[in-house]
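K.L.:
Pasting input.csv here (CSV, C-alpha atoms):
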```
chain,number,residue,atom,x,y,z
A,1,MET,CA,0.0,0.0,0.0
A,2,GLU,CA,2.8,2.4,0.7
A,3,PHE,CA,4.2,1.9,-2.8
A,4,ILE,CA,0.8,2.8,-4.3
A,5,LYS,CA,0.6,5.9,-2.0
A,6,LYS,CA,4.0,7.0,-2.9
A,7,TYR,CA,4.0,6.4,-6.7
A,8,HIS,CA,0.4,6.6,-7.7
A,9,SER,CA,1.1,9.5,-10.2
A,10,TRP,CA,3.5,7.2,-12.1
A,11,PHE,CA,0.9,4.5,-12.9
A,12,PHE,CA,-0.7,6.2,-15.9
A,13,PRO,CA,2.6,6.9,-17.8
A,14,ALA,CA,3.8,3.4,-17.1
A,15,ILE,CA,0.6,1.7,-18.2
A,16,PHE,CA,0.5,4.0,-21.3
A,17,PHE,CA,4.1,3.1,-22.3
A,18,LEU,CA,3.6,-0.6,-21.7
A,19,ILE,CA,0.4,-0.8,-23.8
A,20,PHE,CA,2.0,1.4,-26.5
A,21,LEU,CA,5.0,-1.0,-26.7
A,22,PHE,CA,2.6,-4.0,-26.7
A,23,LEU,CA,0.6,-2.6,-29.6
A,24,ASP,CA,3.8,-1.8,-31.5
A,25,LYS,CA,5.7,-5.1,-31.0
A,26,VAL,CA,2.8,-7.7,-30.9
A,27,PHE,CA,0.3,-6.2,-33.3
A,28,ASN,CA,2.7,-4.3,-35.4
A,29,MET,CA,0.4,-1.3,-35.6
A,30,GLU,CA,1.7,1.4,-38.0
A,31,SER,CA,-0.6,4.3,-37.0
A,32,LEU,CA,0.9,6.4,-34.3
A,33,PHE,CA,-2.4,8.2,-33.6
A,34,LEU,CA,-4.3,4.9,-33.2
A,35,LYS,CA,-1.6,3.4,-30.9
A,36,GLY,CA,-1.6,6.6,-28.8
A,37,THR,CA,-5.4,6.8,-28.6
A,38,ILE,CA,-5.8,3.1,-27.5
A,39,SER,CA,-2.9,3.4,-25.0
A,40,GLY,CA,-4.3,6.6,-23.6
A,41,VAL,CA,-7.8,5.3,-23.1
A,42,VAL,CA,-6.7,1.9,-21.6
A,43,GLY,CA,-4.2,3.7,-19.4
A,44,PHE,CA,-6.8,6.1,-18.1
A,45,LEU,CA,-9.2,3.3,-17.3
A,46,LEU,CA,-6.6,1.3,-15.5
A,47,SER,CA,-4.9,4.0,-13.5
A,48,PRO,CA,-5.7,5.0,-9.9
A,49,ARG,CA,-8.2,7.8,-9.3
A,50,LYS,CA,-7.7,10.6,-6.7
A,51,LYS,CA,-10.6,12.6,-5.3
A,52,LYS,CA,-11.0,15.1,-2.4
A,53,ILE,CA,-13.5,14.1,0.3
A,54,GLU,CA,-14.8,16.4,3.0
A,55,THR,CA,-14.9,14.8,6.4
A,56,GLN,CA,-15.6,16.2,9.9
A,57,LYS,CA,-11.8,16.4,10.5
A,58,GLY,CA,-11.2,18.3,7.2
A,59,THR,CA,-10.4,17.5,3.6
A,60,LYS,CA,-8.8,14.2,2.8
A,61,THR,CA,-7.5,12.8,-0.5
A,62,GLN,CA,-8.9,9.3,-1.4
A,63,LEU,CA,-7.2,7.0,-3.8
A,64,THR,CA,-9.3,4.3,-5.5
A,65,TRP,CA,-8.1,1.8,-8.0
A,66,ILE,CA,-9.8,-1.0,-10.0
A,67,PHE,CA,-7.4,-3.6,-8.5
A,68,LEU,CA,-7.9,-2.6,-4.9
A,69,ASN,CA,-10.8,-3.7,-2.7
A,70,LYS,CA,-10.8,-0.6,-0.5
A,71,ALA,CA,-9.8,3.0,-0.8
A,72,ILE,CA,-6.5,4.4,0.4
A,73,PHE,CA,-6.3,7.8,2.1
A,74,ILE,CA,-3.3,10.0,1.3
A,75,GLU,CA,-2.0,12.6,3.7
A,76,ASP,CA,-1.8,16.0,2.0
```
Represent the structure contained in this file as structure tokens.
P.N.:
Amino acid sequence: MEFIKKYHSWFFPAIFFLIFLFLDKVFNMESLFLKGTISGVVGFLLSPRKKKIETQKGTKTQLTWIFLNKAIFIED
């Protein structure tokens, strides 16, 4: 969990780059626009989400991800 808290902003570029390489090497796609679009959409869908939540103690940042069962709270 600490790894996800610390490096959550690096997930989108990493997922984008991996899917971009996968489309280039496995499917041999020639269109740069199509590879970038597919990589961007899939990367956006699979990356963690941050949202601000108002609580009685103040504003907290919540991190949710499709691969986690519960939300993670990040200290601001």
K.L.:
Could you list, as number ranges by chain, every residue within 8 Å of Ser39 in chain A, counting all atoms listed in the file and ignoring same-chain residues fewer than 5 positions away?
P.N.:
A: 15-17, 19-20
K.L.:
Any idea what's packed within 12 Å of Asp24 in chain A, counting all atoms listed in the file, ignoring anything in its chain fewer than 3 positions away? Could you give it as a short mmCIF file (atom, residue, chain, number, x, y, z; two decimals) with C-alpha atoms, in the coordinates of the input?
P.N.:
```cif
data_model
loop_
_atom_site.label_atom_id
_atom_site.label_comp_id
_atom_site.auth_asym_id
_atom_site.auth_seq_id
_atom_site.Cartn_x
_atom_site.Cartn_y
_atom_site.Cartn_z
CA PHE A 17 4.10 3.10 -22.30
CA LEU A 18 3.60 -0.60 -21.70
CA ILE A 19 0.40 -0.80 -23.80
CA PHE A 20 2.00 1.40 -26.50
CA LEU A 21 5.00 -1.00 -26.70
CA PHE A 27 0.30 -6.20 -33.30
CA ASN A 28 2.70 -4.30 -35.40
CA MET A 29 0.40 -1.30 -35.60
CA GLU A 30 1.70 1.40 -38.00
CA SER A 31 -0.60 4.30 -37.00
CA LEU A 32 0.90 6.40 -34.30
CA PHE A 33 -2.40 8.20 -33.60
CA LEU A 34 -4.30 4.90 -33.20
CA LYS A 35 -1.60 3.40 -30.90
CA GLY A 36 -1.60 6.60 -28.80
CA ILE A 38 -5.80 3.10 -27.50
CA SER A 39 -2.90 3.40 -25.00
#
```
K.L.:
What does the distance between CA of Trp65 in chain A and CA of Pro48 in chain A come to in Å, to one decimal place?
P.N.:
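Separating CA of Trp65 in chain A from CA of Pro48 in chain A is a distance of 4.4 Å.
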K.L.:
In Å, how far is it from CA of Phe12 in chain A to CA of Lys50 in chain A?
P.N.:
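Taking CA of Phe12 in chain A and CA of Lys50 in chain A, their separation equals 12.4 Å.
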K.L.:
Neighbours of Phe67 in chain A within 10 Å (all atoms listed in the file; same-chain residues fewer than 3 positions away dropped), as JSON, numbers by chain?
P.N.:
{"A": [46, 47, 48, 64, 70]}
K.L.:
Excluding Gln62 in chain A and its own-chain neighbours fewer than 4 positions away, which residues fall within 7 Å of it when counting only C-alpha atoms? Please give them as a ChimeraX atom specification.
P.N.:
/A:50-53,71-74
K.L.:
Kindly save the residues from that selection, with C-alpha atoms included, as an mmCIF file, in the frame of the given file.
P.N.:
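Below you can see result-v1.cif, which holds the result:
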```cif
data_model
loop_
_atom_site.group_PDB
_atom_site.id
_atom_site.type_symbol
_atom_site.label_atom_id
_atom_site.label_comp_id
_atom_site.auth_asym_id
_atom_site.auth_seq_id
_atom_site.Cartn_x
_atom_site.Cartn_y
_atom_site.Cartn_z
ATOM 1 C CA LYS A 50 -7.700 10.600 -6.700
ATOM 2 C CA LYS A 51 -10.600 12.600 -5.300
ATOM 3 C CA LYS A 52 -11.000 15.100 -2.400
ATOM 4 C CA ILE A 53 -13.500 14.100 0.300
ATOM 5 C CA ALA A 71 -9.800 3.000 -0.800
ATOM 6 C CA ILE A 72 -6.500 4.400 0.400
ATOM 7 C CA PHE A 73 -6.300 7.800 2.100
ATOM 8 C CA ILE A 74 -3.300 10.000 1.300
#
```
K.L.:
I need the residue nearest Phe44 in chain A from this list: A:Leu68, A:Val26, A:Leu63, A:Ala14. Use only C-alpha atoms for the distance.
P.N.:
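Using only C-alpha atoms, the shortest distance to Phe44 in chain A belongs to A:Ala14.
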K.L.:
Would you mind reading off the distance between CA of Met1 in chain A and CA of Gly40 in chain A, one decimal, in Å?
P.N.:
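A separation of 24.9 Å between them.
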K.L.:
All heavy atoms are what I want for range 8-19 of chain A; can you complete it accordingly and write them as a PDB file, keeping the file's coordinate frame?
P.N.:
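Output contents, as saved in rebuild-v4.pdb:
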```pdb
ATOM      1  N   HIS A   8       1.629   6.745  -6.975  1.00  0.00           N
ATOM      2  CA  HIS A   8       0.400   6.600  -7.700  1.00  0.00           C
ATOM      3  C   HIS A   8       0.370   7.510  -8.974  1.00  0.00           C
ATOM      4  O   HIS A   8      -0.297   7.189  -9.944  1.00  0.00           O
ATOM      5  CB  HIS A   8      -0.816   6.992  -6.819  1.00  0.00           C
ATOM      6  CG  HIS A   8      -0.819   8.402  -6.334  1.00  0.00           C
ATOM      7  ND1 HIS A   8      -1.345   9.418  -7.066  1.00  0.00           N
ATOM      8  CD2 HIS A   8      -0.358   8.944  -5.196  1.00  0.00           C
ATOM      9  CE1 HIS A   8      -1.204  10.537  -6.401  1.00  0.00           C
ATOM     10  NE2 HIS A   8      -0.602  10.280  -5.250  1.00  0.00           N
ATOM     11  N   SER A   9       1.114   8.590  -8.998  1.00  0.00           N
ATOM     12  CA  SER A   9       1.100   9.500 -10.200  1.00  0.00           C
ATOM     13  C   SER A   9       1.936   8.851 -11.337  1.00  0.00           C
ATOM     14  O   SER A   9       1.826   9.318 -12.467  1.00  0.00           O
ATOM     15  CB  SER A   9       1.693  10.827  -9.816  1.00  0.00           C
ATOM     16  OG  SER A   9       3.011  10.697  -9.331  1.00  0.00           O
ATOM     17  N   TRP A  10       2.717   7.823 -11.094  1.00  0.00           N
ATOM     18  CA  TRP A  10       3.500   7.200 -12.100  1.00  0.00           C
ATOM     19  C   TRP A  10       2.790   6.031 -12.829  1.00  0.00           C
ATOM     20  O   TRP A  10       3.284   5.473 -13.803  1.00  0.00           O
ATOM     21  CB  TRP A  10       4.829   6.660 -11.554  1.00  0.00           C
ATOM     22  CG  TRP A  10       5.768   7.755 -11.219  1.00  0.00           C
ATOM     23  CD1 TRP A  10       5.853   8.427 -10.045  1.00  0.00           C
ATOM     24  CD2 TRP A  10       6.744   8.337 -12.080  1.00  0.00           C
ATOM     25  NE1 TRP A  10       6.829   9.376 -10.105  1.00  0.00           N
ATOM     26  CE2 TRP A  10       7.396   9.337 -11.349  1.00  0.00           C
ATOM     27  CE3 TRP A  10       7.126   8.094 -13.386  1.00  0.00           C
ATOM     28  CZ2 TRP A  10       8.407  10.111 -11.902  1.00  0.00           C
ATOM     29  CZ3 TRP A  10       8.140   8.864 -13.927  1.00  0.00           C
ATOM     30  CH2 TRP A  10       8.768   9.862 -13.189  1.00  0.00           C
ATOM     31  N   PHE A  11       1.626   5.657 -12.335  1.00  0.00           N
ATOM     32  CA  PHE A  11       0.900   4.500 -12.900  1.00  0.00           C
ATOM     33  C   PHE A  11       0.426   4.788 -14.326  1.00  0.00           C
ATOM     34  O   PHE A  11       0.542   3.942 -15.194  1.00  0.00           O
ATOM     35  CB  PHE A  11      -0.242   4.091 -12.002  1.00  0.00           C
ATOM     36  CG  PHE A  11       0.174   3.223 -10.857  1.00  0.00           C
ATOM     37  CD1 PHE A  11       0.752   3.772  -9.732  1.00  0.00           C
ATOM     38  CD2 PHE A  11       0.003   1.868 -10.913  1.00  0.00           C
ATOM     39  CE1 PHE A  11       1.147   2.980  -8.679  1.00  0.00           C
ATOM     40  CE2 PHE A  11       0.388   1.065  -9.861  1.00  0.00           C
ATOM     41  CZ  PHE A  11       0.964   1.617  -8.744  1.00  0.00           C
ATOM     42  N   PHE A  12      -0.176   5.952 -14.570  1.00  0.00           N
ATOM     43  CA  PHE A  12      -0.700   6.200 -15.900  1.00  0.00           C
ATOM     44  C   PHE A  12       0.414   6.236 -16.970  1.00  0.00           C
ATOM     45  O   PHE A  12       0.263   5.571 -17.994  1.00  0.00           O
ATOM     46  CB  PHE A  12      -1.462   7.557 -15.945  1.00  0.00           C
ATOM     47  CG  PHE A  12      -1.907   7.923 -17.331  1.00  0.00           C
ATOM     48  CD1 PHE A  12      -2.954   7.251 -17.931  1.00  0.00           C
ATOM     49  CD2 PHE A  12      -1.269   8.917 -18.043  1.00  0.00           C
ATOM     50  CE1 PHE A  12      -3.363   7.559 -19.216  1.00  0.00           C
ATOM     51  CE2 PHE A  12      -1.659   9.239 -19.317  1.00  0.00           C
ATOM     52  CZ  PHE A  12      -2.718   8.556 -19.913  1.00  0.00           C
ATOM     53  N   PRO A  13       1.533   6.955 -16.773  1.00  0.00           N
ATOM     54  CA  PRO A  13       2.600   6.900 -17.800  1.00  0.00           C
ATOM     55  C   PRO A  13       3.149   5.504 -18.009  1.00  0.00           C
ATOM     56  O   PRO A  13       3.453   5.115 -19.144  1.00  0.00           O
ATOM     57  CB  PRO A  13       3.654   7.860 -17.291  1.00  0.00           C
ATOM     58  CG  PRO A  13       3.003   8.699 -16.290  1.00  0.00           C
ATOM     59  CD  PRO A  13       1.865   7.927 -15.724  1.00  0.00           C
ATOM     60  N   ALA A  14       3.277   4.739 -16.933  1.00  0.00           N
ATOM     61  CA  ALA A  14       3.800   3.400 -17.100  1.00  0.00           C
ATOM     62  C   ALA A  14       2.863   2.481 -17.841  1.00  0.00           C
ATOM     63  O   ALA A  14       3.280   1.731 -18.731  1.00  0.00           O
ATOM     64  CB  ALA A  14       4.101   2.794 -15.685  1.00  0.00           C
ATOM     65  N   ILE A  15       1.574   2.550 -17.514  1.00  0.00           N
ATOM     66  CA  ILE A  15       0.600   1.700 -18.200  1.00  0.00           C
ATOM     67  C   ILE A  15       0.506   2.173 -19.680  1.00  0.00           C
ATOM     68  O   ILE A  15       0.445   1.341 -20.586  1.00  0.00           O
ATOM     69  CB  ILE A  15      -0.789   1.841 -17.528  1.00  0.00           C
ATOM     70  CG1 ILE A  15      -0.738   1.165 -16.159  1.00  0.00           C
ATOM     71  CG2 ILE A  15      -1.888   1.218 -18.374  1.00  0.00           C
ATOM     72  CD1 ILE A  15      -1.961   1.427 -15.298  1.00  0.00           C
ATOM     73  N   PHE A  16       0.520   3.481 -19.925  1.00  0.00           N
ATOM     74  CA  PHE A  16       0.500   4.000 -21.300  1.00  0.00           C
ATOM     75  C   PHE A  16       1.659   3.465 -22.115  1.00  0.00           C
ATOM     76  O   PHE A  16       1.489   2.968 -23.222  1.00  0.00           O
ATOM     77  CB  PHE A  16       0.517   5.532 -21.268  1.00  0.00           C
ATOM     78  CG  PHE A  16       0.524   6.170 -22.626  1.00  0.00           C
ATOM     79  CD1 PHE A  16      -0.666   6.429 -23.269  1.00  0.00           C
ATOM     80  CD2 PHE A  16       1.707   6.501 -23.260  1.00  0.00           C
ATOM     81  CE1 PHE A  16      -0.680   7.022 -24.519  1.00  0.00           C
ATOM     82  CE2 PHE A  16       1.714   7.078 -24.502  1.00  0.00           C
ATOM     83  CZ  PHE A  16       0.514   7.342 -25.143  1.00  0.00           C
ATOM     84  N   PHE A  17       2.853   3.575 -21.551  1.00  0.00           N
ATOM     85  CA  PHE A  17       4.100   3.100 -22.300  1.00  0.00           C
ATOM     86  C   PHE A  17       4.049   1.633 -22.521  1.00  0.00           C
ATOM     87  O   PHE A  17       4.395   1.189 -23.617  1.00  0.00           O
ATOM     88  CB  PHE A  17       5.297   3.527 -21.438  1.00  0.00           C
ATOM     89  CG  PHE A  17       6.592   3.198 -22.113  1.00  0.00           C
ATOM     90  CD1 PHE A  17       6.988   3.887 -23.235  1.00  0.00           C
ATOM     91  CD2 PHE A  17       7.408   2.192 -21.630  1.00  0.00           C
ATOM     92  CE1 PHE A  17       8.192   3.582 -23.871  1.00  0.00           C
ATOM     93  CE2 PHE A  17       8.593   1.875 -22.243  1.00  0.00           C
ATOM     94  CZ  PHE A  17       8.994   2.582 -23.378  1.00  0.00           C
ATOM     95  N   LEU A  18       3.641   0.825 -21.546  1.00  0.00           N
ATOM     96  CA  LEU A  18       3.600  -0.600 -21.700  1.00  0.00           C
ATOM     97  C   LEU A  18       2.587  -1.048 -22.794  1.00  0.00           C
ATOM     98  O   LEU A  18       2.881  -1.914 -23.631  1.00  0.00           O
ATOM     99  CB  LEU A  18       3.290  -1.316 -20.403  1.00  0.00           C
ATOM    100  CG  LEU A  18       4.399  -1.263 -19.359  1.00  0.00           C
ATOM    101  CD1 LEU A  18       3.900  -1.838 -18.040  1.00  0.00           C
ATOM    102  CD2 LEU A  18       5.626  -2.001 -19.843  1.00  0.00           C
ATOM    103  N   ILE A  19       1.429  -0.422 -22.799  1.00  0.00           N
ATOM    104  CA  ILE A  19       0.400  -0.800 -23.800  1.00  0.00           C
ATOM    105  C   ILE A  19       0.862  -0.267 -25.173  1.00  0.00           C
ATOM    106  O   ILE A  19       0.656  -0.944 -26.183  1.00  0.00           O
ATOM    107  CB  ILE A  19      -0.957  -0.194 -23.400  1.00  0.00           C
ATOM    108  CG1 ILE A  19      -1.438  -0.928 -22.159  1.00  0.00           C
ATOM    109  CG2 ILE A  19      -1.966  -0.334 -24.529  1.00  0.00           C
ATOM    110  CD1 ILE A  19      -2.662  -0.354 -21.536  1.00  0.00           C
TER     111      ILE A  19
END
```
